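Participant: Provided below: target14.cif, containing mmCIF, N, CA and C atoms and all ligand atoms.
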```cif
data_work
#
loop_
_atom_site.label_atom_id
_atom_site.label_comp_id
_atom_site.auth_asym_id
_atom_site.auth_seq_id
_atom_site.Cartn_x
_atom_site.Cartn_y
_atom_site.Cartn_z
N MET F 1 0.85 -1.20 0.00
CA MET F 1 0.00 0.00 0.00
C MET F 1 0.88 1.25 0.00
N HIS F 2 0.52 2.18 -0.87
CA HIS F 2 1.23 3.44 -0.90
C HIS F 2 0.22 4.53 -1.22
N THR F 3 0.65 5.75 -1.21
CA THR F 3 -0.24 6.87 -1.49
C THR F 3 0.29 7.62 -2.68
N PRO F 4 -0.14 7.23 -3.89
CA PRO F 4 0.39 7.88 -5.08
C PRO F 4 0.04 9.37 -5.11
N ALA F 5 1.02 10.17 -5.45
CA ALA F 5 0.78 11.62 -5.51
C ALA F 5 -0.21 11.97 -6.61
N ASP F 6 -0.30 11.10 -7.61
CA ASP F 6 -1.17 11.41 -8.74
C ASP F 6 -2.52 10.70 -8.67
N CYS F 7 -2.88 10.19 -7.49
CA CYS F 7 -4.16 9.49 -7.36
C CYS F 7 -5.30 10.49 -7.18
N LEU F 8 -6.26 10.44 -8.11
CA LEU F 8 -7.40 11.37 -8.08
C LEU F 8 -8.18 11.28 -6.77
N PHE F 9 -8.47 10.06 -6.32
CA PHE F 9 -9.32 9.94 -5.13
C PHE F 9 -8.54 10.27 -3.85
N CYS F 10 -7.22 10.03 -3.84
CA CYS F 10 -6.42 10.52 -2.70
C CYS F 10 -6.50 12.05 -2.64
N ALA F 11 -6.50 12.69 -3.81
CA ALA F 11 -6.59 14.16 -3.84
C ALA F 11 -7.95 14.62 -3.33
N ILE F 12 -9.01 13.86 -3.60
CA ILE F 12 -10.33 14.21 -3.05
C ILE F 12 -10.32 14.04 -1.53
N VAL F 13 -9.71 12.95 -1.04
CA VAL F 13 -9.61 12.76 0.42
C VAL F 13 -8.86 13.93 1.05
N ASP F 14 -7.79 14.36 0.40
CA ASP F 14 -6.96 15.45 0.95
C ASP F 14 -7.60 16.82 0.79
N GLY F 15 -8.65 16.92 -0.01
CA GLY F 15 -9.33 18.19 -0.23
C GLY F 15 -8.73 19.02 -1.35
N GLY F 16 -7.73 18.48 -2.04
CA GLY F 16 -7.10 19.21 -3.13
C GLY F 16 -7.98 19.30 -4.36
N ILE F 17 -8.86 18.33 -4.52
CA ILE F 17 -9.86 18.34 -5.59
C ILE F 17 -11.23 18.30 -4.92
N PRO F 18 -12.11 19.24 -5.29
CA PRO F 18 -13.41 19.29 -4.62
C PRO F 18 -14.32 18.12 -5.00
N ALA F 19 -15.19 17.76 -4.09
CA ALA F 19 -16.18 16.71 -4.34
C ALA F 19 -17.41 17.01 -3.50
N ASP F 20 -18.53 16.47 -3.94
CA ASP F 20 -19.79 16.62 -3.22
C ASP F 20 -19.88 15.50 -2.18
N VAL F 21 -19.27 15.75 -1.03
CA VAL F 21 -19.17 14.73 0.02
C VAL F 21 -20.52 14.60 0.73
N VAL F 22 -21.01 13.37 0.83
CA VAL F 22 -22.30 13.13 1.48
C VAL F 22 -22.16 12.50 2.86
N TRP F 23 -21.02 11.89 3.12
CA TRP F 23 -20.83 11.21 4.42
C TRP F 23 -19.36 10.88 4.56
N ARG F 24 -18.89 10.85 5.78
CA ARG F 24 -17.53 10.37 6.04
C ARG F 24 -17.46 9.86 7.47
N ASP F 25 -16.52 8.98 7.72
CA ASP F 25 -16.17 8.62 9.10
C ASP F 25 -14.65 8.58 9.16
N ASP F 26 -14.10 7.90 10.14
CA ASP F 26 -12.65 7.89 10.31
C ASP F 26 -11.93 7.21 9.17
N GLU F 27 -12.60 6.24 8.53
CA GLU F 27 -11.93 5.39 7.54
C GLU F 27 -12.35 5.62 6.10
N PHE F 28 -13.60 6.08 5.91
CA PHE F 28 -14.17 6.10 4.57
C PHE F 28 -14.70 7.49 4.24
N LEU F 29 -14.84 7.72 2.94
CA LEU F 29 -15.41 8.96 2.43
C LEU F 29 -16.42 8.59 1.35
N ALA F 30 -17.58 9.25 1.36
CA ALA F 30 -18.61 9.00 0.34
C ALA F 30 -18.93 10.32 -0.35
N PHE F 31 -18.89 10.30 -1.68
CA PHE F 31 -19.16 11.52 -2.45
C PHE F 31 -19.88 11.15 -3.74
N ARG F 32 -20.60 12.14 -4.30
CA ARG F 32 -21.39 11.86 -5.50
C ARG F 32 -20.48 11.69 -6.72
N ASP F 33 -20.83 10.70 -7.55
CA ASP F 33 -20.09 10.47 -8.79
C ASP F 33 -20.31 11.66 -9.73
N ILE F 34 -19.25 12.08 -10.40
CA ILE F 34 -19.31 13.25 -11.28
C ILE F 34 -20.13 12.96 -12.54
N ASN F 35 -20.31 11.68 -12.86
CA ASN F 35 -21.04 11.27 -14.06
C ASN F 35 -22.08 10.22 -13.68
N PRO F 36 -23.14 10.66 -12.98
CA PRO F 36 -24.06 9.70 -12.36
C PRO F 36 -24.78 8.81 -13.37
N GLN F 37 -24.88 7.53 -13.03
CA GLN F 37 -25.56 6.53 -13.87
C GLN F 37 -26.92 6.15 -13.31
N ALA F 38 -27.35 6.81 -12.27
CA ALA F 38 -28.65 6.57 -11.64
C ALA F 38 -28.98 7.84 -10.85
N PRO F 39 -30.26 8.02 -10.48
CA PRO F 39 -30.62 9.22 -9.70
C PRO F 39 -29.76 9.38 -8.44
N LEU F 40 -29.40 8.27 -7.81
CA LEU F 40 -28.43 8.30 -6.71
C LEU F 40 -27.20 7.51 -7.15
N HIS F 41 -26.06 8.15 -7.17
CA HIS F 41 -24.81 7.47 -7.55
C HIS F 41 -23.69 8.08 -6.71
N VAL F 42 -23.28 7.31 -5.73
CA VAL F 42 -22.27 7.75 -4.77
C VAL F 42 -21.11 6.76 -4.79
N LEU F 43 -19.92 7.25 -4.58
CA LEU F 43 -18.72 6.40 -4.47
C LEU F 43 -18.28 6.38 -3.01
N VAL F 44 -18.01 5.20 -2.50
CA VAL F 44 -17.52 5.04 -1.11
C VAL F 44 -16.10 4.51 -1.19
N ILE F 45 -15.17 5.28 -0.65
CA ILE F 45 -13.75 4.93 -0.79
C ILE F 45 -13.08 4.88 0.59
N PRO F 46 -12.04 4.04 0.70
CA PRO F 46 -11.21 4.10 1.90
C PRO F 46 -10.36 5.38 1.85
N GLN F 47 -10.19 6.02 2.99
CA GLN F 47 -9.37 7.24 2.99
C GLN F 47 -7.89 6.92 2.78
N LEU F 48 -7.46 5.74 3.25
CA LEU F 48 -6.10 5.30 2.96
C LEU F 48 -6.10 4.58 1.62
N HIS F 49 -5.11 4.88 0.79
CA HIS F 49 -5.09 4.34 -0.57
C HIS F 49 -5.03 2.82 -0.59
N ARG F 50 -5.98 2.23 -1.33
CA ARG F 50 -5.92 0.82 -1.74
C ARG F 50 -6.20 0.83 -3.23
N ALA F 51 -5.44 0.08 -4.02
CA ALA F 51 -5.55 0.19 -5.48
C ALA F 51 -6.88 -0.32 -6.01
N ASP F 52 -7.39 -1.38 -5.39
CA ASP F 52 -8.65 -1.95 -5.88
C ASP F 52 -9.29 -2.79 -4.78
N ALA F 53 -10.43 -3.39 -5.11
CA ALA F 53 -11.17 -4.14 -4.11
C ALA F 53 -10.36 -5.33 -3.58
N GLY F 54 -9.58 -5.95 -4.47
CA GLY F 54 -8.79 -7.10 -4.04
C GLY F 54 -7.74 -6.70 -3.02
N GLU F 55 -7.08 -5.57 -3.28
CA GLU F 55 -6.06 -5.11 -2.33
C GLU F 55 -6.71 -4.74 -1.00
N LEU F 56 -7.87 -4.09 -1.08
CA LEU F 56 -8.56 -3.73 0.16
C LEU F 56 -8.98 -4.97 0.94
N ALA F 57 -9.42 -6.02 0.20
CA ALA F 57 -9.93 -7.22 0.85
C ALA F 57 -8.82 -8.07 1.46
N ALA F 58 -7.56 -7.67 1.27
CA ALA F 58 -6.48 -8.32 2.02
C ALA F 58 -6.71 -8.12 3.52
N ASP F 59 -7.48 -7.11 3.88
CA ASP F 59 -7.90 -6.89 5.27
C ASP F 59 -9.40 -7.15 5.31
N PRO F 60 -9.82 -8.40 5.59
CA PRO F 60 -11.25 -8.73 5.51
C PRO F 60 -12.12 -7.88 6.43
N ALA F 61 -11.61 -7.50 7.58
CA ALA F 61 -12.42 -6.69 8.48
C ALA F 61 -12.67 -5.30 7.86
N LEU F 62 -11.64 -4.76 7.21
CA LEU F 62 -11.80 -3.48 6.52
C LEU F 62 -12.82 -3.62 5.39
N ALA F 63 -12.75 -4.74 4.65
CA ALA F 63 -13.70 -4.97 3.57
C ALA F 63 -15.13 -5.02 4.10
N GLY F 64 -15.31 -5.65 5.25
CA GLY F 64 -16.63 -5.71 5.86
C GLY F 64 -17.13 -4.32 6.25
N ARG F 65 -16.25 -3.52 6.81
CA ARG F 65 -16.66 -2.16 7.19
C ARG F 65 -16.94 -1.30 5.96
N TRP F 66 -16.24 -1.59 4.86
CA TRP F 66 -16.45 -0.85 3.60
C TRP F 66 -17.88 -1.10 3.09
N ILE F 67 -18.28 -2.36 3.08
CA ILE F 67 -19.64 -2.69 2.64
C ILE F 67 -20.66 -2.11 3.61
N ALA F 68 -20.37 -2.19 4.90
CA ALA F 68 -21.29 -1.61 5.88
C ALA F 68 -21.43 -0.11 5.68
N ALA F 69 -20.33 0.56 5.33
CA ALA F 69 -20.38 2.00 5.09
C ALA F 69 -21.26 2.30 3.88
N ALA F 70 -21.11 1.49 2.82
CA ALA F 70 -21.92 1.71 1.61
C ALA F 70 -23.40 1.48 1.91
N ALA F 71 -23.72 0.45 2.68
CA ALA F 71 -25.11 0.20 3.04
C ALA F 71 -25.66 1.33 3.90
N HIS F 72 -24.82 1.86 4.78
CA HIS F 72 -25.23 2.99 5.62
C HIS F 72 -25.55 4.20 4.76
N VAL F 73 -24.70 4.47 3.78
CA VAL F 73 -24.90 5.63 2.90
C VAL F 73 -26.19 5.45 2.09
N ALA F 74 -26.44 4.23 1.60
CA ALA F 74 -27.68 3.97 0.85
C ALA F 74 -28.89 4.29 1.71
N GLY F 75 -28.87 3.87 2.95
CA GLY F 75 -29.98 4.16 3.85
C GLY F 75 -30.10 5.63 4.15
N LEU F 76 -28.95 6.26 4.37
CA LEU F 76 -28.92 7.69 4.69
C LEU F 76 -29.54 8.52 3.57
N LEU F 77 -29.31 8.10 2.33
CA LEU F 77 -29.76 8.88 1.18
C LEU F 77 -31.09 8.39 0.62
N GLY F 78 -31.75 7.50 1.37
CA GLY F 78 -33.13 7.17 1.08
C GLY F 78 -33.35 6.15 -0.01
N ALA F 79 -32.44 5.19 -0.16
CA ALA F 79 -32.61 4.16 -1.17
C ALA F 79 -33.57 3.09 -0.66
N ALA F 80 -34.84 3.50 -0.45
CA ALA F 80 -35.81 2.61 0.21
C ALA F 80 -36.18 1.42 -0.65
N GLN F 81 -36.10 1.54 -1.96
CA GLN F 81 -36.49 0.45 -2.86
C GLN F 81 -35.32 -0.46 -3.19
N GLY F 82 -34.19 -0.24 -2.58
CA GLY F 82 -33.02 -1.07 -2.84
C GLY F 82 -31.93 -0.29 -3.54
N TYR F 83 -30.83 -0.97 -3.74
CA TYR F 83 -29.66 -0.31 -4.33
C TYR F 83 -28.75 -1.38 -4.90
N ARG F 84 -27.76 -0.94 -5.66
CA ARG F 84 -26.76 -1.86 -6.20
C ARG F 84 -25.38 -1.37 -5.77
N LEU F 85 -24.57 -2.29 -5.27
CA LEU F 85 -23.17 -2.02 -4.96
C LEU F 85 -22.31 -2.65 -6.04
N VAL F 86 -21.37 -1.87 -6.59
CA VAL F 86 -20.49 -2.35 -7.65
C VAL F 86 -19.06 -1.96 -7.33
N ALA F 87 -18.15 -2.93 -7.47
CA ALA F 87 -16.72 -2.63 -7.36
C ALA F 87 -16.05 -3.11 -8.65
N ASN F 88 -16.01 -2.25 -9.65
CA ASN F 88 -15.28 -2.57 -10.88
C ASN F 88 -13.81 -2.75 -10.53
N THR F 89 -13.25 -3.89 -10.95
CA THR F 89 -11.90 -4.24 -10.49
C THR F 89 -11.04 -4.69 -11.67
N GLY F 90 -9.99 -3.94 -11.94
CA GLY F 90 -9.06 -4.28 -13.02
C GLY F 90 -9.62 -3.93 -14.38
N PRO F 91 -8.79 -4.12 -15.42
CA PRO F 91 -9.18 -3.72 -16.78
C PRO F 91 -10.47 -4.38 -17.26
N ASP F 92 -10.60 -5.70 -17.11
CA ASP F 92 -11.83 -6.36 -17.55
C ASP F 92 -13.02 -5.97 -16.70
N GLY F 93 -12.77 -5.57 -15.46
CA GLY F 93 -13.86 -5.12 -14.59
C GLY F 93 -14.33 -3.72 -14.91
N GLY F 94 -13.58 -3.02 -15.77
CA GLY F 94 -13.98 -1.66 -16.14
C GLY F 94 -13.52 -0.61 -15.15
N GLN F 95 -12.52 -0.92 -14.34
CA GLN F 95 -12.03 0.05 -13.37
C GLN F 95 -11.24 1.14 -14.08
N THR F 96 -11.60 2.40 -13.83
CA THR F 96 -10.92 3.52 -14.48
C THR F 96 -10.16 4.41 -13.49
N VAL F 97 -10.44 4.28 -12.21
CA VAL F 97 -9.70 5.03 -11.19
C VAL F 97 -9.08 4.02 -10.24
N ASP F 98 -7.76 4.05 -10.12
CA ASP F 98 -7.04 3.02 -9.37
C ASP F 98 -6.93 3.35 -7.89
N HIS F 99 -8.07 3.64 -7.29
CA HIS F 99 -8.23 3.77 -5.84
C HIS F 99 -9.58 3.11 -5.56
N ALA F 100 -9.56 2.08 -4.73
CA ALA F 100 -10.76 1.26 -4.53
C ALA F 100 -11.98 2.12 -4.25
N HIS F 101 -13.08 1.79 -4.91
CA HIS F 101 -14.34 2.52 -4.68
C HIS F 101 -15.50 1.59 -4.88
N LEU F 102 -16.50 1.72 -4.02
CA LEU F 102 -17.77 1.02 -4.19
C LEU F 102 -18.77 2.01 -4.76
N HIS F 103 -19.34 1.66 -5.92
CA HIS F 103 -20.44 2.46 -6.45
C HIS F 103 -21.71 2.08 -5.68
N VAL F 104 -22.44 3.08 -5.20
CA VAL F 104 -23.78 2.88 -4.65
C VAL F 104 -24.76 3.51 -5.64
N LEU F 105 -25.54 2.65 -6.29
CA LEU F 105 -26.47 3.09 -7.34
C LEU F 105 -27.89 2.82 -6.86
N ALA F 106 -28.77 3.81 -7.02
CA ALA F 106 -30.15 3.64 -6.56
C ALA F 106 -31.03 4.69 -7.23
N GLY F 107 -32.33 4.54 -7.01
CA GLY F 107 -33.28 5.54 -7.50
C GLY F 107 -33.96 5.14 -8.78
N ARG F 108 -33.63 3.97 -9.31
CA ARG F 108 -34.33 3.40 -10.47
C ARG F 108 -34.11 1.90 -10.44
N PRO F 109 -34.98 1.12 -11.12
CA PRO F 109 -34.72 -0.33 -11.20
C PRO F 109 -33.45 -0.60 -12.00
N MET F 110 -32.60 -1.46 -11.49
CA MET F 110 -31.36 -1.81 -12.17
C MET F 110 -31.61 -2.98 -13.12
N ARG F 111 -30.88 -2.99 -14.21
CA ARG F 111 -31.00 -4.08 -15.19
C ARG F 111 -29.92 -5.13 -14.94
N TRP F 112 -30.15 -6.31 -15.49
CA TRP F 112 -29.18 -7.41 -15.41
C TRP F 112 -29.27 -8.21 -16.69
N PRO F 113 -28.21 -8.65 -17.33
CA PRO F 113 -26.82 -8.48 -16.90
C PRO F 113 -26.29 -7.08 -17.19
N PRO F 114 -25.25 -6.66 -16.45
CA PRO F 114 -24.59 -5.39 -16.73
C PRO F 114 -23.77 -5.53 -18.02
N GLY F 115 -23.38 -4.43 -18.57
CA GLY F 115 -22.63 -4.45 -19.84
C GLY F 115 -21.22 -4.96 -19.67
P1 LIG H 201 -14.75 3.06 -12.24
O1 LIG H 201 -14.93 3.29 -13.71
O2 LIG H 201 -13.28 3.03 -11.88
O3 LIG H 201 -15.52 1.91 -11.68
O4 LIG H 201 -15.39 4.32 -11.52
C1 LIG H 201 -14.77 5.56 -11.45
C2 LIG H 201 -15.86 6.57 -11.25
O5 LIG H 201 -15.27 7.79 -10.84
C3 LIG H 201 -16.66 6.88 -12.52
O6 LIG H 201 -18.02 6.53 -12.32
C4 LIG H 201 -16.44 8.37 -12.74
O7 LIG H 201 -17.59 9.03 -13.19
C5 LIG H 201 -16.01 8.85 -11.37
N1 LIG H 201 -15.13 10.01 -11.39
C6 LIG H 201 -14.05 10.18 -12.20
N2 LIG H 201 -13.46 11.35 -11.92
C7 LIG H 201 -14.19 11.93 -10.92
C8 LIG H 201 -14.06 13.14 -10.20
O8 LIG H 201 -13.14 13.95 -10.43
N3 LIG H 201 -14.98 13.41 -9.25
C9 LIG H 201 -16.01 12.53 -8.97
N4 LIG H 201 -16.87 12.89 -8.01
N5 LIG H 201 -16.15 11.36 -9.62
C10 LIG H 201 -15.24 11.06 -10.59
ZN ZN H 202 -5.56 6.88 -3.83
#
```
Mind converting the file's structure to structure tokens?
Facilitator:
Amino acid sequence: MHTPADCLFCAIVDGGIPADVVWRDDEFLAFRDINPQAPLHVLVIPQLHRADAGELAADPALAGRWIAAAAHVAGLLGAAQGYRLVANTGPDGGQTVDHAHLHVLAGRPMRWPPG
């Protein structure tokens, strides 16, 4: 684990790049996605840099708290009809930002399979 100087989401954690923060605690930060794919689209990230979900899950307790944080944010923002959690991981997973993030998507029925 390291903290790349050029990591976009580390810069959001540090406040160097602005974001619409909806919730935070000691470990995680939740902010609205800049290109929302649903009426509610929030990203939940660890404040300490982890490259992807696999690296974060090397600490299973942290991974559990990450999912709990995402579920908490979904409830906080009124996803009463349900929500979808997504962790795009690696090139085939469609990951475009190399700092682990859980997408919280809600506010419309989700389709399956995803693209
Ligand atoms: P990924 O494609 O890695 O699963 O998700 C990265 C997400 O980060 C995308 O949904 C993209 O819209 C979002 N994103 C990229 N740059 C920014 C930014 O500067 N601010 C915010 N709030 N979201 C961003
Ligand atoms: Zn980072």
Participant: Go through F:Ala57, F:Leu105, F:Val86, F:Ala80 and flag the residue nearest ligand LIG 201 (chain H), using only N, CA and C atoms and all ligand atoms for the distances.
Facilitator: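 Nearest candidate to ligand LIG 201 (chain H) out of F:Ala57, F:Leu105, F:Val86, F:Ala80: F:Val86.
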Participant: Using DSSP on the backbone coordinates, identify the residues of region 7-95 of chain F assigned to helix (DSSP H, G or I); present them as an NGL selection string.
Facilitator: :F and (8-14 or 53-56 or 60-76 or 90-93)
Participant: Scan for residues within 5 Å of the point (-8.1, 0.8, -4.7) in the coordinates of the file, using all atoms listed in the file, and reply as an MDAnalysis selection string.
Facilitator: chainID F and resid 50:53 98:100
Participant: In chain F, what's strand (DSSP E) per DSSP? Answer as a VMD selection string?
Facilitator: chain F and resid 21 to 24 28 to 32 40 to 46 84 to 86 102 to 106
Participant: Would you mind listing the residues within 7 Å of ligand LIG 201 (chain H), counting only N, CA and C atoms and all ligand atoms, as JSON, numbers by chain?
Facilitator: {"F": [8, 18, 19, 20, 31, 32, 33, 34, 35, 36, 37, 86, 87, 88, 89, 93, 94, 95, 96, 97, 98, 99, 101, 103]}
Participant: Neighbouring residues of ligand ZN 202 (chain H) are defined here as those with any atom at most 5 Å from a ligand atom, counting all atoms listed in the file; list them as a list in words.
Facilitator: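 So the residues close to ligand ZN 202 (chain H) are Cys7, Phe9, Cys10, His49 and His99 of chain F.
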Participant: Could you check which residues have any atom within 6.5 Å of (-25.7, 10.1, 0.3), counting all atoms listed in the file with coordinates taken straight from the file, and then list them as an MDAnalysis selection string?
Facilitator: chainID F and resid 22:23 73:74 76:77
Participant: Restricting the calculation to only N, CA and C atoms, which member of F:Leu29, F:Ile45, F:Ala106, F:Ile12 is positioned closest to Gln81 (chain F)?
Facilitator: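 Residue with the minimum atom-to-atom distance to Gln81 (chain F): F:Ala106.
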Participant: Would you mind reading off the distance between CA of Ile17 (chain F) and CA of Ala5 (chain F), one decimal, in Å?
Facilitator: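 That distance, rounded to one decimal, is 12.6 Å.
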Participant: Find the distance between CA of Ala30 (chain F) and CA of Pro114 (chain F) and write it in Å to one decimal.
Facilitator: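 Computing it gives 23.1 Å between the two atoms.
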Participant: May I ask for the distance between atom N of Leu43 (chain F) and atom C of Leu102 (chain F), given in Å to one decimal place?
Facilitator: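 Rounded to one decimal, the two atoms are 5.4 Å apart.
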Participant: My list of candidates is F:Leu48, F:Gly90, F:Leu40, F:Ile67. Which is closest to Val104 (chain F) when distances are computed with only N, CA and C atoms?
Facilitator: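 Using only N, CA and C atoms, Val104 (chain F) sits closest to F:Leu40.
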Participant: Closest to Arg108 (chain F) among F:Pro39, F:Gly54, F:Pro46, F:Gly78, using only N, CA and C atoms?
Facilitator: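 Among F:Pro39, F:Gly54, F:Pro46, F:Gly78, it is F:Pro39 that comes nearest to Arg108 (chain F).
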Participant: Find the residues near Arg65 (chain F): any atom within 12 Å, counting only C-alpha atoms, skip ones fewer than 3 places away on the same chain, and give them as a ChimeraX atom specification.
Facilitator: /F:25-28,44-46,56-57,59-62,68-72,102
Participant: Please write the residues from the selection above to a file, keeping N, CA and C atoms, as a tab-separated table (two decimals), keeping the file's coordinate frame.
Facilitator:
```
chain	number	residue	atom	x	y	z
F	25	ASP	N	-16.52	8.98	7.72
F	25	ASP	CA	-16.17	8.62	9.10
F	25	ASP	C	-14.65	8.58	9.16
F	26	ASP	N	-14.10	7.90	10.14
F	26	ASP	CA	-12.65	7.89	10.31
F	26	ASP	C	-11.93	7.21	9.17
F	27	GLU	N	-12.60	6.24	8.53
F	27	GLU	CA	-11.93	5.39	7.54
F	27	GLU	C	-12.35	5.62	6.10
F	28	PHE	N	-13.60	6.08	5.91
F	28	PHE	CA	-14.17	6.10	4.57
F	28	PHE	C	-14.70	7.49	4.24
F	44	VAL	N	-18.01	5.20	-2.50
F	44	VAL	CA	-17.52	5.04	-1.11
F	44	VAL	C	-16.10	4.51	-1.19
F	45	ILE	N	-15.17	5.28	-0.65
F	45	ILE	CA	-13.75	4.93	-0.79
F	45	ILE	C	-13.08	4.88	0.59
F	46	PRO	N	-12.04	4.04	0.70
F	46	PRO	CA	-11.21	4.10	1.90
F	46	PRO	C	-10.36	5.38	1.85
F	56	LEU	N	-7.87	-4.09	-1.08
F	56	LEU	CA	-8.56	-3.73	0.16
F	56	LEU	C	-8.98	-4.97	0.94
F	57	ALA	N	-9.42	-6.02	0.20
F	57	ALA	CA	-9.93	-7.22	0.85
F	57	ALA	C	-8.82	-8.07	1.46
F	59	ASP	N	-7.48	-7.11	3.88
F	59	ASP	CA	-7.90	-6.89	5.27
F	59	ASP	C	-9.40	-7.15	5.31
F	60	PRO	N	-9.82	-8.40	5.59
F	60	PRO	CA	-11.25	-8.73	5.51
F	60	PRO	C	-12.12	-7.88	6.43
F	61	ALA	N	-11.61	-7.50	7.58
F	61	ALA	CA	-12.42	-6.69	8.48
F	61	ALA	C	-12.67	-5.30	7.86
F	62	LEU	N	-11.64	-4.76	7.21
F	62	LEU	CA	-11.80	-3.48	6.52
F	62	LEU	C	-12.82	-3.62	5.39
F	68	ALA	N	-20.37	-2.19	4.90
F	68	ALA	CA	-21.29	-1.61	5.88
F	68	ALA	C	-21.43	-0.11	5.68
F	69	ALA	N	-20.33	0.56	5.33
F	69	ALA	CA	-20.38	2.00	5.09
F	69	ALA	C	-21.26	2.30	3.88
F	70	ALA	N	-21.11	1.49	2.82
F	70	ALA	CA	-21.92	1.71	1.61
F	70	ALA	C	-23.40	1.48	1.91
F	71	ALA	N	-23.72	0.45	2.68
F	71	ALA	CA	-25.11	0.20	3.04
F	71	ALA	C	-25.66	1.33	3.90
F	72	HIS	N	-24.82	1.86	4.78
F	72	HIS	CA	-25.23	2.99	5.62
F	72	HIS	C	-25.55	4.20	4.76
F	102	LEU	N	-16.50	1.72	-4.02
F	102	LEU	CA	-17.77	1.02	-4.19
F	102	LEU	C	-18.77	2.01	-4.76
```
